[in-house]
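Engineer: Quick one, my_file_29.cif (mmCIF, C-alpha atoms):
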data_work
loop_
_atom_site.group_PDB
_atom_site.id
_atom_site.type_symbol
_atom_site.label_atom_id
_atom_site.label_comp_id
_atom_site.auth_asym_id
_atom_site.auth_seq_id
_atom_site.Cartn_x
_atom_site.Cartn_y
_atom_site.Cartn_z
ATOM 1 C CA GLN A 1 69.032 100.608 95.891
ATOM 2 C CA GLN A 2 71.391 101.235 98.768
ATOM 3 C CA GLN A 3 73.417 103.764 96.794
ATOM 4 C CA VAL A 4 73.615 107.487 97.319
ATOM 5 C CA LYS A 5 74.791 109.346 94.237
ATOM 6 C CA GLN A 6 76.715 112.576 94.740
ATOM 7 C CA SER A 7 77.804 115.314 92.366
ATOM 8 C CA PRO A 8 79.961 117.064 91.412
ATOM 9 C CA GLN A 9 83.116 115.127 92.139
ATOM 10 C CA SER A 10 85.064 118.353 92.580
ATOM 11 C CA LEU A 11 84.157 122.001 92.850
ATOM 12 C CA ILE A 12 86.090 125.247 92.761
ATOM 13 C CA VAL A 13 84.379 128.327 94.166
ATOM 14 C CA GLN A 14 85.654 131.823 94.732
ATOM 15 C CA LYS A 15 85.732 133.212 98.230
ATOM 16 C CA GLY A 16 82.344 134.636 99.083
ATOM 17 C CA GLY A 17 80.540 132.490 96.522
ATOM 18 C CA ILE A 18 77.939 129.772 97.009
ATOM 19 C CA SER A 19 78.984 126.110 96.939
ATOM 20 C CA ILE A 20 76.279 123.635 95.971
ATOM 21 C CA ILE A 21 76.594 119.866 96.253
ATOM 22 C CA ASN A 22 73.828 117.508 95.189
ATOM 23 C CA CYS A 23 72.853 114.006 96.228
ATOM 24 C CA ALA A 24 70.193 111.550 95.145
ATOM 25 C CA TYR A 25 68.984 108.321 96.693
ATOM 26 C CA GLU A 26 66.661 105.478 95.761
ATOM 27 C CA ASN A 27 65.763 103.749 99.001
ATOM 28 C CA THR A 28 62.676 105.469 100.386
ATOM 29 C CA ALA A 29 63.231 103.709 103.718
ATOM 30 C CA PHE A 30 66.092 106.081 104.518
ATOM 31 C CA ASP A 31 64.980 108.340 107.351
ATOM 32 C CA TYR A 32 67.952 110.563 108.122
ATOM 33 C CA PHE A 33 70.322 112.429 105.829
ATOM 34 C CA PRO A 34 73.541 113.834 107.301
ATOM 35 C CA TRP A 35 76.383 115.686 105.636
ATOM 36 C CA TYR A 36 79.958 115.130 106.709
ATOM 37 C CA GLN A 37 83.040 117.289 106.249
ATOM 38 C CA GLN A 38 86.456 115.682 106.010
ATOM 39 C CA PHE A 39 89.835 117.396 106.044
ATOM 40 C CA PRO A 40 92.945 115.582 104.755
ATOM 41 C CA GLY A 41 94.229 113.055 107.245
ATOM 42 C CA LYS A 42 91.179 113.379 109.464
ATOM 43 C CA GLY A 43 88.008 111.436 110.016
ATOM 44 C CA PRO A 44 84.637 112.716 108.795
ATOM 45 C CA ALA A 45 82.819 115.128 111.104
ATOM 46 C CA LEU A 46 79.074 115.719 111.116
ATOM 47 C CA LEU A 47 78.242 119.088 109.610
ATOM 48 C CA ILE A 48 74.465 119.229 109.396
ATOM 49 C CA ALA A 49 71.634 116.729 109.005
ATOM 50 C CA ILE A 50 67.968 116.612 108.017
ATOM 51 C CA ARG A 51 64.954 114.317 108.293
ATOM 52 C CA PRO A 52 62.663 113.722 105.285
ATOM 53 C CA ASP A 53 59.698 115.500 106.868
ATOM 54 C CA VAL A 54 61.549 118.823 106.618
ATOM 55 C CA SER A 55 62.253 120.589 103.323
ATOM 56 C CA GLU A 56 65.071 122.820 104.522
ATOM 57 C CA LYS A 57 67.419 123.163 107.449
ATOM 58 C CA LYS A 58 69.856 125.984 108.002
ATOM 59 C CA GLU A 59 72.775 126.216 110.401
ATOM 60 C CA GLY A 60 74.906 129.306 109.995
ATOM 61 C CA ARG A 61 76.263 129.389 106.455
ATOM 62 C CA PHE A 62 75.220 125.788 105.764
ATOM 63 C CA THR A 63 71.782 124.863 104.416
ATOM 64 C CA ILE A 64 70.318 121.511 103.414
ATOM 65 C CA SER A 65 67.483 121.503 100.899
ATOM 66 C CA PHE A 66 65.444 118.302 100.743
ATOM 67 C CA ASN A 67 63.068 117.221 97.987
ATOM 68 C CA LYS A 68 61.322 114.052 99.125
ATOM 69 C CA SER A 69 59.331 113.489 95.922
ATOM 70 C CA ALA A 70 62.457 113.728 93.779
ATOM 71 C CA LYS A 71 64.528 111.802 96.323
ATOM 72 C CA GLN A 72 67.194 114.465 96.200
ATOM 73 C CA PHE A 73 68.941 116.652 98.726
ATOM 74 C CA SER A 74 71.627 119.269 98.490
ATOM 75 C CA LEU A 75 74.085 121.206 100.600
ATOM 76 C CA HIS A 76 74.515 124.936 100.088
ATOM 77 C CA ILE A 77 77.475 126.736 101.607
ATOM 78 C CA MET A 78 76.887 130.469 101.574
ATOM 79 C CA ASP A 79 79.740 132.985 101.626
ATOM 80 C CA SER A 80 82.244 130.174 101.061
ATOM 81 C CA GLN A 81 85.595 130.642 102.790
ATOM 82 C CA PRO A 82 89.045 129.111 102.154
ATOM 83 C CA GLY A 83 88.667 127.269 105.472
ATOM 84 C CA ASP A 84 85.695 125.436 103.953
ATOM 85 C CA SER A 85 88.054 123.686 101.532
ATOM 86 C CA ALA A 86 87.551 120.014 102.329
ATOM 87 C CA THR A 87 85.813 116.907 101.045
ATOM 88 C CA TYR A 88 82.082 116.759 101.694
ATOM 89 C CA PHE A 89 80.088 113.558 101.886
ATOM 90 C CA CYS A 90 76.357 113.203 101.887
ATOM 91 C CA ALA A 91 74.976 110.132 103.604
ATOM 92 C CA ALA A 92 71.746 108.361 104.375
ATOM 93 C CA THR A 93 70.698 105.984 107.076
ATOM 94 C CA ARG A 94 67.719 103.882 108.044
ATOM 95 C CA GLY A 95 66.921 102.936 111.576
ATOM 96 C CA PHE A 96 69.804 104.900 113.077
ATOM 97 C CA GLN A 97 72.403 102.363 112.169
ATOM 98 C CA LYS A 98 74.873 102.139 109.297
ATOM 99 C CA LEU A 99 75.495 105.107 107.067
ATOM 100 C CA VAL A 100 75.456 104.875 103.273
ATOM 101 C CA PHE A 101 77.837 107.505 101.948
ATOM 102 C CA GLY A 102 78.022 109.322 98.657
ATOM 103 C CA THR A 103 81.319 109.308 96.793
ATOM 104 C CA GLY A 104 82.359 112.745 98.034
ATOM 105 C CA THR A 105 82.897 116.217 96.627
ATOM 106 C CA ARG A 106 86.270 117.869 96.903
ATOM 107 C CA LEU A 107 85.651 121.584 97.451
ATOM 108 C CA LEU A 108 88.330 124.180 96.904
ATOM 109 C CA VAL A 109 87.549 127.762 97.822
ATOM 110 C CA SER A 110 89.987 130.109 96.155
ATOM 111 C CA PRO A 111 91.042 133.250 98.052
ATOM 112 C CA ASN B 1 86.379 113.467 127.034
ATOM 113 C CA ALA B 2 88.711 112.032 124.457
ATOM 114 C CA GLY B 3 87.324 111.339 121.032
ATOM 115 C CA VAL B 4 87.333 108.030 119.219
ATOM 116 C CA MET B 5 90.884 106.712 119.350
ATOM 117 C CA GLN B 6 92.265 104.577 116.580
ATOM 118 C CA ASN B 7 95.679 103.014 116.443
ATOM 119 C CA PRO B 8 97.928 102.716 114.771
ATOM 120 C CA ARG B 9 97.457 105.762 112.549
ATOM 121 C CA HIS B 10 99.582 104.202 109.836
ATOM 122 C CA LEU B 11 100.250 100.519 109.297
ATOM 123 C CA VAL B 12 102.441 98.886 106.677
ATOM 124 C CA ARG B 13 102.125 95.171 106.070
ATOM 125 C CA ARG B 14 103.624 92.817 103.527
ATOM 126 C CA ARG B 15 101.316 90.665 101.467
ATOM 127 C CA GLY B 16 100.247 87.642 103.466
ATOM 128 C CA GLN B 17 100.718 89.204 106.888
ATOM 129 C CA GLU B 18 97.969 90.005 109.357
ATOM 130 C CA ALA B 19 96.753 93.525 110.079
ATOM 131 C CA ARG B 20 95.140 94.342 113.387
ATOM 132 C CA LEU B 21 93.396 97.694 113.770
ATOM 133 C CA ARG B 22 92.196 98.985 117.118
ATOM 134 C CA CYS B 23 89.396 101.357 118.025
ATOM 135 C CA SER B 24 88.557 102.724 121.456
ATOM 136 C CA PRO B 25 85.110 104.352 121.389
ATOM 137 C CA MET B 26 84.221 107.534 123.181
ATOM 138 C CA LYS B 27 83.404 107.174 126.852
ATOM 139 C CA GLY B 28 79.842 106.002 127.310
ATOM 140 C CA HIS B 29 79.513 104.788 123.726
ATOM 141 C CA SER B 30 78.521 101.181 123.286
ATOM 142 C CA HIS B 31 78.080 101.068 119.507
ATOM 143 C CA VAL B 32 81.015 100.766 117.127
ATOM 144 C CA TYR B 33 81.045 100.907 113.342
ATOM 145 C CA TRP B 34 83.886 100.196 110.947
ATOM 146 C CA TYR B 35 84.105 101.805 107.512
ATOM 147 C CA ARG B 36 86.646 101.471 104.732
ATOM 148 C CA GLN B 37 87.649 104.313 102.451
ATOM 149 C CA LEU B 38 89.477 103.505 99.246
ATOM 150 C CA PRO B 39 91.444 106.300 97.548
ATOM 151 C CA GLU B 40 89.178 108.866 95.892
ATOM 152 C CA GLU B 41 86.061 107.042 97.092
ATOM 153 C CA GLY B 42 83.467 107.429 99.797
ATOM 154 C CA LEU B 43 83.311 105.430 102.975
ATOM 155 C CA LYS B 44 81.841 101.947 102.759
ATOM 156 C CA PHE B 45 80.184 100.339 105.738
ATOM 157 C CA MET B 46 81.812 97.146 106.938
ATOM 158 C CA VAL B 47 80.421 96.092 110.309
ATOM 159 C CA TYR B 48 78.356 97.307 113.252
ATOM 160 C CA LEU B 49 79.059 95.967 116.721
ATOM 161 C CA GLN B 50 77.789 96.383 120.216
ATOM 162 C CA LYS B 51 79.596 95.016 123.243
ATOM 163 C CA GLU B 52 80.255 91.303 122.601
ATOM 164 C CA ASN B 53 77.793 91.238 119.688
ATOM 165 C CA ILE B 54 78.023 91.659 115.938
ATOM 166 C CA ILE B 55 74.809 93.404 114.909
ATOM 167 C CA ASP B 56 75.371 93.829 111.175
ATOM 168 C CA GLU B 57 78.300 92.518 109.176
ATOM 169 C CA SER B 58 76.735 92.865 105.753
ATOM 170 C CA GLY B 59 79.655 94.976 104.479
ATOM 171 C CA MET B 60 82.414 92.647 105.577
ATOM 172 C CA PRO B 61 84.213 90.569 102.954
ATOM 173 C CA LYS B 62 83.388 86.920 103.553
ATOM 174 C CA GLU B 63 86.977 85.833 103.920
ATOM 175 C CA ARG B 64 90.021 87.121 105.812
ATOM 176 C CA PHE B 65 88.148 89.907 107.657
ATOM 177 C CA SER B 66 86.801 89.693 111.184
ATOM 178 C CA ALA B 67 85.792 92.130 113.887
ATOM 179 C CA GLU B 68 85.145 91.993 117.586
ATOM 180 C CA PHE B 69 84.142 94.320 120.386
ATOM 181 C CA PRO B 70 84.854 92.543 123.655
ATOM 182 C CA LYS B 71 83.346 93.366 127.009
ATOM 183 C CA GLU B 72 86.629 94.958 128.014
ATOM 184 C CA GLY B 73 89.059 96.701 125.708
ATOM 185 C CA PRO B 74 88.952 98.181 122.249
ATOM 186 C CA SER B 75 87.189 96.961 119.168
ATOM 187 C CA ILE B 76 89.500 95.088 116.811
ATOM 188 C CA LEU B 77 89.288 94.792 113.038
ATOM 189 C CA ARG B 78 91.477 91.928 111.883
ATOM 190 C CA ILE B 79 92.558 91.315 108.316
ATOM 191 C CA GLN B 80 94.346 88.060 107.692
ATOM 192 C CA GLN B 81 96.671 87.371 104.765
ATOM 193 C CA VAL B 82 96.490 90.935 103.505
ATOM 194 C CA VAL B 83 96.574 91.678 99.783
ATOM 195 C CA ARG B 84 97.360 94.924 97.966
ATOM 196 C CA GLY B 85 93.660 95.585 97.468
ATOM 197 C CA ASP B 86 93.247 95.898 101.237
ATOM 198 C CA SER B 87 95.255 99.141 101.175
ATOM 199 C CA ALA B 88 92.831 101.799 102.350
ATOM 200 C CA ALA B 89 91.906 104.044 105.228
ATOM 201 C CA TYR B 90 89.856 102.260 107.867
ATOM 202 C CA PHE B 91 87.644 104.429 110.032
ATOM 203 C CA CYS B 92 85.951 103.554 113.243
ATOM 204 C CA ALA B 93 82.931 105.447 114.539
ATOM 205 C CA SER B 94 81.135 105.180 117.850
ATOM 206 C CA SER B 95 77.744 106.276 119.116
ATOM 207 C CA PRO B 96 75.908 106.147 122.427
ATOM 208 C CA PRO B 97 73.092 103.699 123.140
ATOM 209 C CA ASP B 98 69.920 104.180 121.095
ATOM 210 C CA ARG B 99 67.292 106.505 122.481
ATOM 211 C CA GLY B 100 64.782 105.952 119.702
ATOM 212 C CA ARG B 101 66.328 108.566 117.474
ATOM 213 C CA PHE B 102 69.425 109.102 115.402
ATOM 214 C CA THR B 103 72.451 109.750 117.534
ATOM 215 C CA GLU B 104 75.536 111.168 115.926
ATOM 216 C CA ALA B 105 78.323 108.747 115.175
ATOM 217 C CA PHE B 106 81.721 110.240 115.975
ATOM 218 C CA PHE B 107 84.581 109.163 113.767
ATOM 219 C CA GLY B 108 88.169 108.493 114.666
ATOM 220 C CA GLN B 109 91.068 109.752 112.572
ATOM 221 C CA GLY B 110 91.455 106.435 110.836
ATOM 222 C CA THR B 111 94.158 103.861 110.266
ATOM 223 C CA ARG B 112 95.857 104.040 106.909
ATOM 224 C CA LEU B 113 96.840 100.552 105.879
ATOM 225 C CA THR B 114 99.416 100.080 103.153
ATOM 226 C CA VAL B 115 100.119 96.606 101.851
ATOM 227 C CA VAL B 116 103.451 96.255 100.067
#
Kindly transcribe the structure held in the file into structure tokens.
Structural biologist:
Amino acid sequence: QQQVKQSPQSLIVQKGGISIINCAYENTAFDYFPWYQQFPGKGPALLIAIRPDVSEKKEGRFTISFNKSAKQFSLHIMDSQPGDSATYFCAATRGFQKLVFGTGTRLLVSP
Amino acid sequence: NAGVMQNPRHLVRRRGQEARLRCSPMKGHSHVYWYRQLPEEGLKFMVYLQKENIIDESGMPKERFSAEFPKEGPSILRIQQVVRGDSAAYFCASSPPDRGRFTEAFFGQGTRLTVV
């Protein structure tokens, strides 16, 4: 019940396209859902986050869509750029403490 | 303001040796978290500490692993008698004191442990 399932495992998108990564959770006690971006050899960095009382949050080219009834949330990267090539992790947390991470999606944006 | 500092960045240990990983949180941060990342996998929570207290160690293996965050100095993750399965990237994250809402946890660059 503590798991967060993430798909796809890897994704190739052409420059200018839309990248979509999906996550699903089971524990309805989770109250915050961040997305992290990780470049090789680096630690994860917070990209964007959402609370379950909001259905969508947009920051620049990055949008989170949240479906509370389905217990699913997704990250959309509009106008994907080669610099977006990285591994993306969805996560969930309850009570502002430990993060439960998805297994990651390796995104490659081709020029 | 320096970020979360982890050292060493790379650590090679022979089976049976001890590995000691250090994490200095960001200035003003009193909460430290340790995560382990196995190859091609997501990060798994290990332990959550505040100064001189272990708050949640539900992700720590029961044997050989220990963590501390003393009043002075960095947080230490200690792995005794390392085995090949301990080879992974270990990330530390820190966050400021709670203010009744989620506060971003900032991650260090990790320590990559290789057991040979």
Engineer: Rank A:Ile77, A:Ala91, A:Val13, A:Val54 by their smallest atom-to-atom distance to chain B, using all atoms listed in the file, and report the top residue only.
Structural biologist: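 Nearest to chain B: A:Ala91.
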Engineer: Starting from the shown file, work through the PyMOL selection byres ((chain A) within 8 of (chain B)) and note down what comes out as a list in words.
Structural biologist: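 Evaluating the PyMOL selection byres ((chain A) within 8 of (chain B)) on these coordinates yields Tyr32, Gly41, Lys42, Gly43, Pro44, Ala45, Leu46, Phe89, Gly95, Phe96, Gln97, Lys98, Leu99, Val100, Phe101, Gly102, Thr103 and Gly104 of chain A.
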Engineer: If you count all atoms listed in the file, which residues fall within 7 Å of segment 23-28 of chain B, apart from same-chain ones fewer than 6 positions away, as a CSV table (one decimal) with C-alpha atoms, in the frame of the given file?
Structural biologist:
chain,number,residue,atom,x,y,z
B,1,ASN,CA,86.4,113.5,127.0
B,2,ALA,CA,88.7,112.0,124.5
B,3,GLY,CA,87.3,111.3,121.0
B,4,VAL,CA,87.3,108.0,119.2
B,5,MET,CA,90.9,106.7,119.4
B,6,GLN,CA,92.3,104.6,116.6
B,7,ASN,CA,95.7,103.0,116.4
B,74,PRO,CA,89.0,98.2,122.2
B,75,SER,CA,87.2,97.0,119.2
B,76,ILE,CA,89.5,95.1,116.8
B,92,CYS,CA,86.0,103.6,113.2
B,94,SER,CA,81.1,105.2,117.8
B,96,PRO,CA,75.9,106.1,122.4
Engineer: With 8 Å added on each side, what axis-aligned box encloses every listed atom of segment 40-52 of chain B? Give the centre and edge lengths in Å to one decimal, as AutoDock Vina command-line options.
Structural biologist:
--center_x 83.5 --center_y 100.1 --center_z 109.6 --size_x 27.4 --size_y 33.6 --size_z 43.4
Engineer: Could you pull the residues within 9 Å of segment 14-27 of chain A, counting only C-alpha atoms, minus those fewer than 2 positions along the same chain, as a PyMOL selection string?
Structural biologist: chain A and resi 1-8+11-12+29-30+70-82+88+90-92+102+105+107-111
Engineer: Can you work out the spacing between atom CA of Pro40 of chain A and atom CA of Glu18 of chain B in Å, to one decimal?
Structural biologist: 26.5 Å
Engineer: Using the chain letters and numbers from the file, which residues does the PyMOL selection byres ((chain B and resi 71) around 7) grab, as an MDAnalysis selection string?
Structural biologist: chainID B and resid 51:52 69:70 72:73
Engineer: Expressed in Å to a single decimal, how great is the separation between atom CA of Arg22 of chain B and atom CA of Trp35 of chain A?
Structural biologist: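 If I compute the distance from atom CA of Arg22 of chain B to atom CA of Trp35 of chain A, I get 25.7 Å.
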Engineer: Do you have the atom CA of Val32 of chain B-atom CA of Ile54 of chain B distance handy?
Structural biologist: 9.7 Å
Engineer: Apply the PyMOL selection byres ((chain B and resi 86) around 8) to the displayed file and report the matching residues as a count of residues only.
Structural biologist: 9
Engineer: Can you tell me, as a ChimeraX atom specification, what residues are no more than 6 Å from Arg106 of chain A when counting all atoms listed in the file, ignoring any on the same chain fewer than 6 positions away?
Structural biologist: /A:10,86-87
